[in-house]
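J.: Please find start_1.tsv (TSV, C-alpha atoms) on the next line:
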```tsv
chain	number	residue	atom	x	y	z
A	16	MET	CA	0.00	0.00	0.00
A	17	SER	CA	1.48	3.40	-1.01
A	18	ALA	CA	2.22	6.05	1.58
A	19	VAL	CA	-0.44	8.36	0.12
A	20	ILE	CA	-3.19	5.75	0.26
A	21	GLU	CA	-2.17	4.83	3.78
A	22	ALA	CA	-2.21	8.52	4.79
A	23	LYS	CA	-5.70	9.03	3.39
A	24	ARG	CA	-6.97	5.89	5.15
A	25	ALA	CA	-5.43	7.02	8.42
A	26	MET	CA	-6.98	10.48	8.08
A	27	ALA	CA	-10.41	8.92	7.62
A	28	GLU	CA	-9.89	6.81	10.74
A	29	LEU	CA	-8.84	9.92	12.68
A	30	GLY	CA	-12.08	11.60	11.64
A	31	THR	CA	-14.08	8.67	12.98
A	32	LYS	CA	-12.12	8.68	16.24
A	33	ALA	CA	-12.62	12.43	16.62
A	34	ARG	CA	-16.41	12.08	16.25
A	35	GLN	CA	-16.43	9.31	18.84
A	36	VAL	CA	-14.50	11.50	21.28
A	37	VAL	CA	-16.89	14.43	20.77
A	38	ASN	CA	-19.91	12.18	21.34
A	39	ASP	CA	-18.41	10.39	24.39
A	40	GLU	CA	-20.33	11.88	27.35
A	41	SER	CA	-18.09	10.05	29.85
A	42	LEU	CA	-15.13	12.29	28.98
A	43	THR	CA	-14.60	15.75	30.41
A	44	ASN	CA	-13.96	18.69	28.11
A	45	ALA	CA	-10.30	18.70	29.14
A	46	GLU	CA	-9.94	15.01	28.26
A	47	LYS	CA	-11.64	15.57	24.94
A	48	LYS	CA	-9.30	18.46	24.15
A	49	THR	CA	-6.22	16.38	24.99
A	50	ARG	CA	-7.26	13.55	22.68
A	51	LEU	CA	-8.31	15.87	19.86
A	52	ASP	CA	-4.99	17.75	20.09
A	53	ALA	CA	-3.17	14.43	19.69
A	54	TYR	CA	-5.28	13.56	16.66
A	55	GLN	CA	-4.50	16.98	15.22
A	56	GLU	CA	-0.75	16.31	15.40
A	57	GLU	CA	-1.20	12.96	13.65
A	58	LEU	CA	-3.37	14.62	11.02
A	59	LYS	CA	-0.64	17.19	10.35
A	60	GLY	CA	1.88	14.45	9.57
A	61	TYR	CA	-0.45	12.69	7.14
A	62	SER	CA	-1.28	16.00	5.46
A	63	GLU	CA	2.42	16.67	4.88
A	64	THR	CA	2.82	13.26	3.24
A	65	ILE	CA	-0.03	13.99	0.83
A	66	ALA	CA	1.30	17.49	0.14
A	67	VAL	CA	4.72	16.09	-0.86
A	68	HIS	CA	3.05	13.64	-3.24
A	69	GLU	CA	0.94	16.38	-4.84
A	70	GLN	CA	4.04	18.57	-5.29
A	71	ALA	CA	5.78	15.70	-7.05
A	72	GLN	CA	2.79	15.28	-9.35
A	73	ARG	CA	2.89	18.94	-10.34
A	74	LEU	CA	6.63	18.81	-11.08
A	75	LEU	CA	6.41	15.59	-13.09
A	76	SER	CA	3.43	16.77	-15.15
A	77	GLY	CA	4.84	20.22	-15.91
A	78	GLY	CA	6.64	19.22	-19.15
A	79	ASP	CA	4.24	18.12	-21.87
A	80	ALA	CA	0.94	18.37	-20.07
A	81	ALA	CA	-1.60	20.90	-21.28
A	82	PRO	CA	-2.37	23.77	-18.92
A	83	GLU	CA	-4.81	22.89	-16.20
A	84	ALA	CA	-8.29	24.14	-16.93
A	85	THR	CA	-9.44	26.83	-14.60
A	86	ALA	CA	-12.96	27.81	-13.74
A	87	PRO	CA	-14.09	31.38	-14.35
A	88	THR	CA	-14.62	33.53	-11.31
A	89	VAL	CA	-18.23	33.87	-10.24
A	90	GLU	CA	-18.85	36.67	-7.81
A	91	ARG	CA	-22.29	35.66	-6.56
A	92	ARG	CA	-22.68	33.21	-3.69
A	93	SER	CA	-25.65	30.88	-3.65
A	94	PHE	CA	-27.64	29.70	-0.64
A	95	ALA	CA	-25.76	26.43	-0.50
A	96	GLN	CA	-22.35	28.01	-0.98
A	97	GLN	CA	-22.99	30.34	1.93
A	98	VAL	CA	-23.70	27.20	3.95
A	99	VAL	CA	-20.56	25.29	3.01
A	100	GLU	CA	-18.40	28.38	3.60
A	101	SER	CA	-19.93	29.09	6.99
A	102	ASP	CA	-18.09	28.46	10.25
A	103	GLY	CA	-20.81	26.07	11.38
A	104	TYR	CA	-20.43	23.85	8.31
A	105	LYS	CA	-16.63	23.76	8.57
A	106	SER	CA	-16.89	22.91	12.27
A	107	MET	CA	-19.29	20.09	11.45
A	108	ILE	CA	-16.82	18.60	8.96
A	109	SER	CA	-13.51	19.06	10.79
A	110	LYS	CA	-14.52	18.54	14.41
A	111	GLY	CA	-17.53	16.26	14.21
A	112	VAL	CA	-19.82	18.72	15.97
A	113	GLN	CA	-23.13	17.06	16.77
A	114	GLY	CA	-25.44	19.90	15.73
A	115	VAL	CA	-25.19	23.36	14.26
A	116	GLN	CA	-27.58	26.02	12.98
A	117	ILE	CA	-26.80	28.30	10.06
A	118	GLU	CA	-28.95	31.25	8.98
A	119	VAL	CA	-28.76	32.44	5.40
A	120	LYS	CA	-30.23	35.73	4.21
A	121	ALA	CA	-33.47	35.45	2.27
A	122	ALA	CA	-31.97	37.03	-0.84
A	123	ALA	CA	-29.95	33.91	-1.66
A	124	THR	CA	-31.84	31.87	-4.25
A	125	ILE	CA	-31.11	29.27	-6.86
A	126	ASP	CA	-30.86	32.05	-9.43
A	127	GLU	CA	-27.50	33.10	-7.99
A	128	GLY	CA	-24.26	31.66	-9.41
A	129	ILE	CA	-22.38	28.66	-8.10
A	130	ILE	CA	-18.60	28.79	-8.12
A	131	PRO	CA	-17.50	25.62	-9.92
A	132	THR	CA	-14.73	23.34	-8.67
A	133	PHE	CA	-12.44	21.00	-10.56
A	134	SER	CA	-10.83	17.81	-9.35
A	135	GLY	CA	-8.48	15.96	-11.68
A	136	GLY	CA	-7.87	12.24	-11.65
A	137	ALA	CA	-4.49	12.22	-13.43
A	138	GLY	CA	-1.64	10.01	-12.31
A	139	LEU	CA	2.04	10.99	-12.06
A	140	ALA	CA	2.23	11.46	-15.83
A	141	GLY	CA	-0.35	14.23	-15.58
A	142	GLN	CA	-3.26	14.96	-17.91
A	143	LEU	CA	-2.33	14.96	-21.57
A	144	VAL	CA	-5.49	16.86	-22.56
A	145	ALA	CA	-7.20	19.02	-19.98
A	146	PRO	CA	-11.01	18.95	-20.27
A	147	GLN	CA	-12.89	22.17	-20.89
A	148	LEU	CA	-14.51	23.10	-17.61
A	149	LEU	CA	-17.98	24.59	-17.83
A	150	PRO	CA	-19.04	26.67	-14.82
A	151	GLY	CA	-21.97	25.90	-12.57
A	152	ILE	CA	-24.42	23.02	-12.29
A	153	VAL	CA	-27.21	22.27	-14.75
A	154	PRO	CA	-30.29	22.59	-12.51
A	155	LEU	CA	-33.55	20.71	-12.69
A	156	LYS	CA	-36.46	22.66	-14.16
A	157	PHE	CA	-39.33	23.76	-11.94
A	158	GLN	CA	-42.38	26.00	-12.15
A	159	PRO	CA	-41.11	29.61	-12.14
A	160	LEU	CA	-41.75	31.46	-8.88
A	161	THR	CA	-44.01	34.45	-9.51
A	162	ILE	CA	-46.65	35.06	-6.82
A	163	ALA	CA	-44.46	36.53	-4.06
A	164	ASP	CA	-43.03	39.06	-6.52
A	165	LEU	CA	-46.51	40.43	-7.22
A	166	LEU	CA	-47.02	41.45	-3.57
A	167	ALA	CA	-45.36	44.15	-1.50
A	168	GLN	CA	-42.51	42.85	0.68
A	169	GLY	CA	-41.68	43.42	4.35
A	170	THR	CA	-39.89	41.93	7.36
A	171	THR	CA	-41.01	41.27	10.91
A	172	SER	CA	-39.48	40.21	14.21
A	173	SER	CA	-42.83	39.15	15.68
A	174	SER	CA	-44.94	36.01	15.52
A	175	SER	CA	-47.94	37.86	14.07
A	176	ILE	CA	-48.86	40.92	12.03
A	177	SER	CA	-51.59	43.22	13.40
A	178	TYR	CA	-53.03	46.17	11.49
A	179	VAL	CA	-56.06	48.46	11.54
A	180	ILE	CA	-58.35	48.77	8.53
A	181	GLU	CA	-61.25	51.03	7.71
A	182	ALA	CA	-64.09	48.51	7.75
A	183	ALA	CA	-66.99	50.83	6.92
A	184	PHE	CA	-67.53	54.43	5.88
A	185	GLN	CA	-70.97	56.02	5.71
A	186	ASP	CA	-70.76	59.44	4.11
A	187	LEU	CA	-73.96	61.45	4.51
A	188	THR	CA	-72.28	64.75	3.74
A	189	GLY	CA	-74.72	67.16	2.12
A	190	ALA	CA	-75.97	70.73	1.79
A	191	VAL	CA	-77.37	72.21	5.03
A	192	LEU	CA	-79.90	75.02	5.54
A	193	GLU	CA	-79.28	77.70	8.11
A	194	LYS	CA	-79.97	76.21	11.53
A	195	GLY	CA	-80.57	72.88	9.81
A	196	ALA	CA	-79.35	69.52	11.11
A	197	ILE	CA	-75.90	68.57	9.87
A	198	PRO	CA	-75.67	65.02	8.49
A	199	GLN	CA	-73.31	62.68	10.29
A	200	LEU	CA	-70.28	60.94	8.85
A	201	ASP	CA	-69.74	57.43	10.29
A	202	LEU	CA	-66.38	55.71	10.26
A	203	THR	CA	-65.79	52.13	11.49
A	204	LEU	CA	-62.32	50.77	12.16
A	205	ALA	CA	-61.37	47.14	12.76
A	206	ARG	CA	-58.18	45.36	13.79
A	207	ARG	CA	-56.96	42.34	11.90
A	208	GLN	CA	-54.21	39.89	12.71
A	209	ASP	CA	-52.29	37.44	10.53
A	210	ASN	CA	-50.06	34.85	12.13
A	211	VAL	CA	-46.55	34.01	10.97
A	212	GLY	CA	-46.60	30.51	9.49
A	213	LYS	CA	-43.77	28.04	8.97
A	214	ILE	CA	-42.67	26.11	5.88
A	215	ALA	CA	-40.00	23.45	6.35
A	216	ASN	CA	-38.51	20.19	5.10
A	217	ILE	CA	-35.75	17.75	6.06
A	218	ALA	CA	-33.26	15.68	4.10
A	219	LYS	CA	-30.81	12.93	5.02
A	220	PRO	CA	-27.75	12.92	2.75
A	221	THR	CA	-24.91	10.51	3.38
A	222	VAL	CA	-21.72	11.67	5.04
A	223	GLU	CA	-19.95	11.25	1.68
A	224	MET	CA	-22.36	13.65	0.00
A	225	PHE	CA	-22.13	16.01	2.96
A	226	GLN	CA	-18.34	16.14	2.64
A	227	ASP	CA	-18.48	16.80	-1.10
A	228	ALA	CA	-19.16	20.55	-1.28
A	229	GLU	CA	-20.27	20.58	-4.90
A	230	GLN	CA	-22.78	17.76	-4.43
A	231	PHE	CA	-23.94	19.41	-1.23
A	232	GLN	CA	-24.67	22.68	-3.06
A	233	ALA	CA	-26.71	20.94	-5.75
A	234	TYR	CA	-28.56	18.86	-3.18
A	235	LEU	CA	-29.55	21.88	-1.10
A	236	GLN	CA	-30.59	24.04	-4.02
A	237	ASN	CA	-32.51	21.52	-6.08
A	238	ARG	CA	-34.22	19.82	-3.18
A	239	MET	CA	-34.54	21.81	0.02
A	240	VAL	CA	-34.50	25.49	-0.94
A	241	PHE	CA	-36.73	25.15	-3.99
A	242	GLY	CA	-39.04	22.85	-2.05
A	243	ILE	CA	-39.67	25.64	0.44
A	244	GLN	CA	-40.07	28.27	-2.26
A	245	ARG	CA	-42.54	26.16	-4.24
A	246	LYS	CA	-44.60	25.54	-1.11
A	247	GLU	CA	-44.59	29.27	-0.39
A	248	GLU	CA	-45.85	29.91	-3.93
A	249	SER	CA	-48.88	27.71	-3.33
A	250	ALA	CA	-49.47	28.90	0.25
A	251	LEU	CA	-49.75	32.57	-0.73
A	252	LEU	CA	-52.68	31.66	-2.96
A	253	ASN	CA	-54.22	28.55	-1.41
A	254	GLY	CA	-53.14	28.41	2.26
A	255	ASN	CA	-56.01	27.41	4.57
A	256	GLY	CA	-54.89	29.46	7.58
A	257	THR	CA	-54.89	26.51	9.99
A	258	ALA	CA	-51.74	26.80	12.13
A	259	PRO	CA	-48.99	26.74	11.06
A	260	ASN	CA	-50.29	27.57	7.57
A	261	VAL	CA	-50.75	31.11	6.28
A	262	LEU	CA	-54.19	32.14	5.04
A	263	GLY	CA	-53.90	32.46	1.27
A	264	ILE	CA	-55.57	35.12	-0.86
A	265	LEU	CA	-58.17	32.77	-2.35
A	266	ASN	CA	-59.41	31.74	1.11
A	267	ARG	CA	-59.83	35.27	2.50
A	268	SER	CA	-63.26	36.60	3.38
A	269	GLY	CA	-64.31	39.87	1.82
A	270	LEU	CA	-63.03	39.27	-1.70
A	271	ALA	CA	-64.83	41.02	-4.54
A	272	THR	CA	-68.00	39.32	-5.79
A	273	PRO	CA	-66.92	36.35	-7.94
A	274	VAL	CA	-67.61	36.34	-11.65
A	275	VAL	CA	-68.83	33.05	-13.15
A	276	THR	CA	-68.84	32.55	-16.89
A	277	ALA	CA	-71.69	30.83	-18.70
A	278	ALA	CA	-71.40	27.12	-19.44
A	279	GLY	CA	-69.56	26.06	-22.56
A	280	LEU	CA	-66.21	27.78	-22.13
A	281	THR	CA	-64.82	29.69	-25.09
A	282	ALA	CA	-62.03	32.21	-25.45
A	283	VAL	CA	-64.56	35.04	-25.74
A	284	LYS	CA	-66.45	33.97	-22.60
A	285	ALA	CA	-63.20	33.70	-20.66
A	286	MET	CA	-61.91	37.08	-21.82
A	287	GLU	CA	-65.22	38.82	-21.14
A	288	GLY	CA	-65.53	37.22	-17.69
A	289	ILE	CA	-62.07	38.47	-16.76
A	290	PHE	CA	-62.86	41.97	-18.02
A	291	ASN	CA	-66.06	41.98	-15.95
A	292	GLN	CA	-63.97	41.34	-12.82
A	293	ILE	CA	-61.48	44.05	-13.81
A	294	THR	CA	-64.36	46.49	-14.13
A	295	ALA	CA	-65.82	45.42	-10.77
A	296	LEU	CA	-62.52	46.06	-9.00
A	297	ARG	CA	-62.31	49.51	-10.57
A	298	ALA	CA	-65.94	50.51	-10.06
A	299	VAL	CA	-66.75	48.89	-6.70
A	300	SER	CA	-63.43	48.39	-4.89
A	301	PHE	CA	-61.69	51.38	-6.51
A	302	VAL	CA	-58.57	49.29	-6.98
A	303	GLU	CA	-56.60	49.27	-10.22
A	304	PRO	CA	-55.70	45.65	-11.08
A	305	ASP	CA	-52.01	45.06	-11.76
A	306	ALA	CA	-52.00	41.31	-12.47
A	307	ILE	CA	-54.12	38.40	-13.65
A	308	VAL	CA	-53.09	34.96	-12.35
A	309	ILE	CA	-54.23	32.15	-14.63
A	310	HIS	CA	-53.51	28.45	-15.20
A	311	PRO	CA	-51.56	27.59	-18.41
A	312	THR	CA	-54.42	25.49	-19.77
A	313	ASP	CA	-56.92	28.33	-19.32
A	314	TRP	CA	-54.51	30.77	-20.93
A	315	GLN	CA	-54.23	28.37	-23.86
A	316	THR	CA	-58.00	28.56	-24.35
A	317	ILE	CA	-57.78	32.35	-24.53
A	318	ARG	CA	-54.61	32.50	-26.59
A	319	LEU	CA	-55.93	30.14	-29.27
A	320	GLY	CA	-59.27	31.93	-29.58
A	321	LYS	CA	-60.28	32.75	-33.18
A	322	ASP	CA	-62.90	34.96	-34.76
A	323	SER	CA	-65.40	33.86	-37.40
A	324	GLN	CA	-62.72	34.34	-40.07
A	325	GLY	CA	-60.35	31.92	-38.37
A	326	GLN	CA	-57.93	34.62	-37.24
A	327	TYR	CA	-56.40	34.54	-33.76
A	328	TYR	CA	-57.61	37.37	-31.53
A	329	ALA	CA	-54.18	37.84	-29.97
A	330	GLY	CA	-52.22	37.37	-33.19
A	331	GLY	CA	-50.96	34.37	-35.07
A	332	PRO	CA	-47.79	32.37	-34.58
A	333	PHE	CA	-45.70	34.90	-36.52
A	334	THR	CA	-47.54	38.23	-36.50
A	335	GLY	CA	-49.56	40.57	-34.35
A	336	ALA	CA	-53.34	40.53	-34.23
A	337	TYR	CA	-55.03	40.47	-37.63
A	338	GLY	CA	-51.76	40.53	-39.52
A	339	ASN	CA	-50.51	43.76	-38.00
A	340	PRO	CA	-46.73	44.07	-37.71
A	341	GLY	CA	-45.13	43.16	-34.42
A	342	PRO	CA	-45.11	40.14	-32.13
A	343	ALA	CA	-48.24	38.38	-30.94
A	344	ASN	CA	-49.62	39.33	-27.53
A	345	VAL	CA	-48.30	36.91	-24.92
A	346	ALA	CA	-47.90	39.04	-21.80
A	347	ASN	CA	-51.18	40.76	-20.98
A	348	LEU	CA	-54.95	40.68	-21.28
A	349	TRP	CA	-57.04	43.85	-21.44
A	350	GLY	CA	-53.85	45.81	-20.71
A	351	VAL	CA	-53.20	43.96	-17.43
A	352	LYS	CA	-50.10	41.80	-16.89
A	353	THR	CA	-50.83	38.09	-17.14
A	354	VAL	CA	-49.06	35.64	-14.81
A	355	ILE	CA	-49.30	32.08	-16.09
A	356	THR	CA	-48.69	29.52	-13.33
A	357	THR	CA	-49.80	26.11	-12.12
A	358	ALA	CA	-49.95	27.50	-8.58
A	359	ILE	CA	-53.61	28.34	-9.27
A	360	ALA	CA	-56.12	25.62	-10.11
A	361	GLN	CA	-57.40	25.20	-13.63
A	362	GLY	CA	-60.77	26.88	-14.06
A	363	THR	CA	-60.04	29.68	-11.55
A	364	VAL	CA	-58.58	33.07	-12.44
A	365	LEU	CA	-57.45	35.63	-9.85
A	366	VAL	CA	-57.55	39.33	-10.72
A	367	GLY	CA	-56.14	41.82	-8.25
A	368	GLY	CA	-54.30	44.96	-7.30
A	369	PHE	CA	-51.57	42.92	-5.65
A	370	GLN	CA	-49.11	45.67	-4.73
A	371	GLU	CA	-51.59	47.85	-2.85
A	372	SER	CA	-53.83	45.12	-1.45
A	373	GLY	CA	-51.40	42.63	0.13
A	374	GLN	CA	-47.93	42.26	1.61
A	375	VAL	CA	-45.62	39.36	2.48
A	376	PHE	CA	-43.72	39.62	5.78
A	377	ARG	CA	-40.74	37.34	6.42
A	378	ARG	CA	-39.68	36.44	9.95
A	379	ASN	CA	-36.19	35.58	8.75
A	380	GLY	CA	-34.45	34.05	5.78
A	381	ILE	CA	-34.21	30.35	5.12
A	382	THR	CA	-32.44	28.76	8.10
A	383	LEU	CA	-30.65	25.44	7.98
A	384	ASP	CA	-30.06	23.10	10.93
A	385	MET	CA	-27.56	20.25	10.58
A	386	THR	CA	-26.83	17.34	12.92
A	387	ASN	CA	-25.33	13.85	12.77
A	388	SER	CA	-26.81	12.74	16.10
A	389	ASN	CA	-30.47	12.47	15.10
A	390	ASN	CA	-31.87	8.95	15.65
A	391	ASN	CA	-29.27	6.53	14.25
A	392	ASP	CA	-27.55	8.97	11.88
A	393	PHE	CA	-24.13	8.41	13.44
A	394	GLU	CA	-24.35	4.64	13.03
A	395	THR	CA	-25.54	4.82	9.43
A	396	ASP	CA	-23.26	7.66	8.24
A	397	LEU	CA	-26.13	10.08	7.60
A	398	VAL	CA	-26.52	13.78	8.30
A	399	THR	CA	-29.98	15.26	8.95
A	400	LEU	CA	-30.61	18.66	7.37
A	401	LYS	CA	-33.65	20.77	8.22
A	402	ALA	CA	-34.52	23.89	6.22
A	403	GLU	CA	-37.31	26.27	7.18
A	404	GLU	CA	-38.65	29.77	6.75
A	405	ARG	CA	-41.34	31.75	8.56
A	406	LEU	CA	-43.61	34.22	6.83
A	407	ALA	CA	-46.98	35.95	7.08
A	408	LEU	CA	-49.38	37.31	4.48
A	409	ALA	CA	-51.29	40.49	5.28
A	410	VAL	CA	-54.21	41.32	3.00
A	411	TYR	CA	-55.13	44.93	3.66
A	412	ARG	CA	-57.86	45.11	1.03
A	413	PRO	CA	-59.53	41.75	0.40
A	414	ALA	CA	-61.92	43.49	-1.99
A	415	GLY	CA	-58.87	44.35	-4.08
A	416	PHE	CA	-58.88	40.74	-5.28
A	417	GLY	CA	-61.57	38.96	-7.25
A	418	THR	CA	-61.94	35.54	-8.86
A	419	VAL	CA	-63.36	34.41	-12.18
A	420	THR	CA	-64.70	30.87	-12.48
A	421	LEU	CA	-64.38	29.52	-16.02
A	422	THR	CA	-67.29	27.11	-16.43
A	423	ALA	CA	-66.55	24.25	-18.81
```
Could you express the structure from this file as structure tokens?

T.:
Amino acid sequence: MSAVIEAKRAMAELGTKARQVVNDESLTNAEKKTRLDAYQEELKGYSETIAVHEQAQRLLSGGDAAPEATAPTVERRSFAQQVVESDGYKSMISKGVQGVQIEVKAAATIDEGIIPTFSGGAGLAGQLVAPQLLPGIVPLKFQPLTIADLLAQGTTSSSSISYVIEAAFQDLTGAVLEKGAIPQLDLTLARRQDNVGKIANIAKPTVEMFQDAEQFQAYLQNRMVFGIQRKEESALLNGNGTAPNVLGILNRSGLATPVVTAAGLTAVKAMEGIFNQITALRAVSFVEPDAIVIHPTDWQTIRLGKDSQGQYYAGGPFTGAYGNPGPANVANLWGVKTVITTAIAQGTVLVGGFQESGQVFRRNGITLDMTNSNNNDFETDLVTLKAEERLALAVYRPAGFGTVTLTA
């Protein structure tokens, strides 16, 4: 067995011994420190052996080998990268800490860049042809996140959001004769409260995956972070309000009177039903709609609508409406932005003044707890990860939202 292989095996054994020392409740802190210091000295010797071998590789491969491929610099740091670069993560890996909590700011999303890494498998002769390294990880595809961006944003340090609304206003203001009775103006206020709900998930990667930073980044982003964000997307619309769920827009009382289209759905009936709700919000609620949320299948019905001449209302595949120059209309209906998403059920359309009528409050960003002492994780070489976020939805003007039911 070569010295390098033996050094790597010994380092792995030292890691196991270190975890056992940390988890041994019969030892005092002083005894633990003494043993860990001894392991550290051994580890230093093995590291020097490996370093000498790597230096020899570089010298021997420096003649004819092609230059080593280097990854481009990516400035942005993703959610997962912030985790693996955190002190808590490094402590978990190097010292075998039983549990650690890491908080990552809410702004970190999967859209941010991942700094790529490269690990070569060349022997002493080096790589004859260095592969071209492409940055990042090819992510899985998911439903785009859109609903939260429609609403106003805020933060909170409380477990609930309380606010006062004007519930009723009776305005009897009028002309008054001399010495006549002056009509009264009645104003009714009401206090509302929305609780901060929680969205969370857990995962159990193996220790090998946990120690591989690149795999760990992909695992977190494609599974845990997006899982929370997708659940949030649905909760903002459909949450039932039963603790710990938020109460979604569609389940609020006081929404504008629903519009129901006549049976036998057509593009014209759908478009006219949506315009009727737009008009109701303007004329009754005095709210200017800024978005229409619609299921892709329902949007298809509208988008493929034709007149009696067989021409598409919104324009054909290559031109604007009725042959006019320009692209076909794919972004709005009746001058209002259209958001096409599966977060809303087919057959239901939501029209609203989202920015002025509702607001999302976040208790904190997405937090991540990690431990290797949950259940039998230590025995089975698993690490338990728990990701969660807390948020509340305040709907100041329920009447600023209205639904349209598209009757088949």

J.: One decimal, in Å: what's the spacing between CA of Ile309 (chain A) and CA of Asp322 (chain A)?

T.: 22.1 Å

J.: For a cutoff of 9 Å around the file-coordinate point (-54.2, 46.9, 1.7), which residues qualify once you count all atoms listed in the file? I'd like the result as an MDAnalysis selection string.

T.: chainID A and resid 180 369:374 409:413 415

J.: When distances are computed from only C-alpha atoms, which of A:Ala360, A:Val275, A:Val37, A:Val354 shows the smallest separation from Phe393 (chain A)?

T.: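 Residue with the minimum atom-to-atom distance to Phe393 (chain A): A:Val37.
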
J.: Neighbouring residues of Val222 (chain A) were defined as those with any atom within 10 Å, considering all atoms listed in the file; residues of the same chain fewer than 6 positions away were excluded. Please report them as a JSON list (two decimals) with C-alpha atoms, in the coordinates of the input.

T.:
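For reference, part.json as written:
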```json
[["chain", "number", "residue", "atom", "x", "y", "z"],
["A", 108, "ILE", "CA", -16.82, 18.60, 8.96],
["A", 387, "ASN", "CA", -25.33, 13.85, 12.77],
["A", 392, "ASP", "CA", -27.55, 8.97, 11.88],
["A", 393, "PHE", "CA", -24.13, 8.41, 13.44],
["A", 395, "THR", "CA", -25.54, 4.82, 9.43],
["A", 396, "ASP", "CA", -23.26, 7.66, 8.24],
["A", 397, "LEU", "CA", -26.13, 10.08, 7.60],
["A", 398, "VAL", "CA", -26.52, 13.78, 8.30],
["A", 399, "THR", "CA", -29.98, 15.26, 8.95]]
```

J.: Return as AutoDock Vina command-line options the box centre and box size in Å, one decimal, for an axis-aligned box around all listed atoms of region 213-223 of chain A padded by 6 Å per side.

T.:
```
--center_x -31.9 --center_y 19.3 --center_z 5.3 --size_x 35.8 --size_y 29.5 --size_z 19.3
```

J.: Regenerate region 22-38 of chain A at the level of N, CA and C atoms and dump it as a tab-separated table (two decimals), in the coordinates of the input.

T.:
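The file below, selection_15.tsv, is the result:
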```
chain	number	residue	atom	x	y	z
A	22	ALA	N	-1.94	7.25	4.10
A	22	ALA	CA	-2.21	8.52	4.79
A	22	ALA	C	-3.68	8.88	4.71
A	23	LYS	N	-4.28	8.70	3.54
A	23	LYS	CA	-5.70	9.03	3.39
A	23	LYS	C	-6.56	8.12	4.27
A	24	ARG	N	-6.21	6.81	4.31
A	24	ARG	CA	-6.97	5.89	5.15
A	24	ARG	C	-6.86	6.28	6.62
A	25	ALA	N	-5.65	6.64	7.03
A	25	ALA	CA	-5.43	7.02	8.42
A	25	ALA	C	-6.19	8.30	8.78
A	26	MET	N	-6.24	9.24	7.83
A	26	MET	CA	-6.98	10.48	8.08
A	26	MET	C	-8.47	10.21	8.26
A	27	ALA	N	-9.00	9.28	7.47
A	27	ALA	CA	-10.41	8.92	7.62
A	27	ALA	C	-10.67	8.29	8.99
A	28	GLU	N	-9.74	7.44	9.42
A	28	GLU	CA	-9.89	6.81	10.74
A	28	GLU	C	-9.81	7.86	11.85
A	29	LEU	N	-8.93	8.85	11.68
A	29	LEU	CA	-8.84	9.92	12.68
A	29	LEU	C	-10.15	10.69	12.77
A	30	GLY	N	-10.79	10.91	11.62
A	30	GLY	CA	-12.08	11.60	11.64
A	30	GLY	C	-13.12	10.83	12.43
A	31	THR	N	-13.14	9.50	12.24
A	31	THR	CA	-14.08	8.67	12.98
A	31	THR	C	-13.78	8.71	14.48
A	32	LYS	N	-12.50	8.62	14.82
A	32	LYS	CA	-12.12	8.68	16.24
A	32	LYS	C	-12.50	10.02	16.86
A	33	ALA	N	-12.30	11.10	16.10
A	33	ALA	CA	-12.62	12.43	16.62
A	33	ALA	C	-14.11	12.55	16.91
A	34	ARG	N	-14.96	12.03	16.02
A	34	ARG	CA	-16.41	12.08	16.25
A	34	ARG	C	-16.79	11.28	17.48
A	35	GLN	N	-16.14	10.13	17.66
A	35	GLN	CA	-16.43	9.31	18.84
A	35	GLN	C	-16.05	10.03	20.12
A	36	VAL	N	-14.92	10.74	20.10
A	36	VAL	CA	-14.50	11.50	21.28
A	36	VAL	C	-15.51	12.60	21.59
A	37	VAL	N	-15.93	13.33	20.56
A	37	VAL	CA	-16.89	14.43	20.77
A	37	VAL	C	-18.20	13.91	21.34
A	38	ASN	N	-18.62	12.73	20.91
A	38	ASN	CA	-19.91	12.18	21.34
A	38	ASN	C	-19.81	11.39	22.64
```
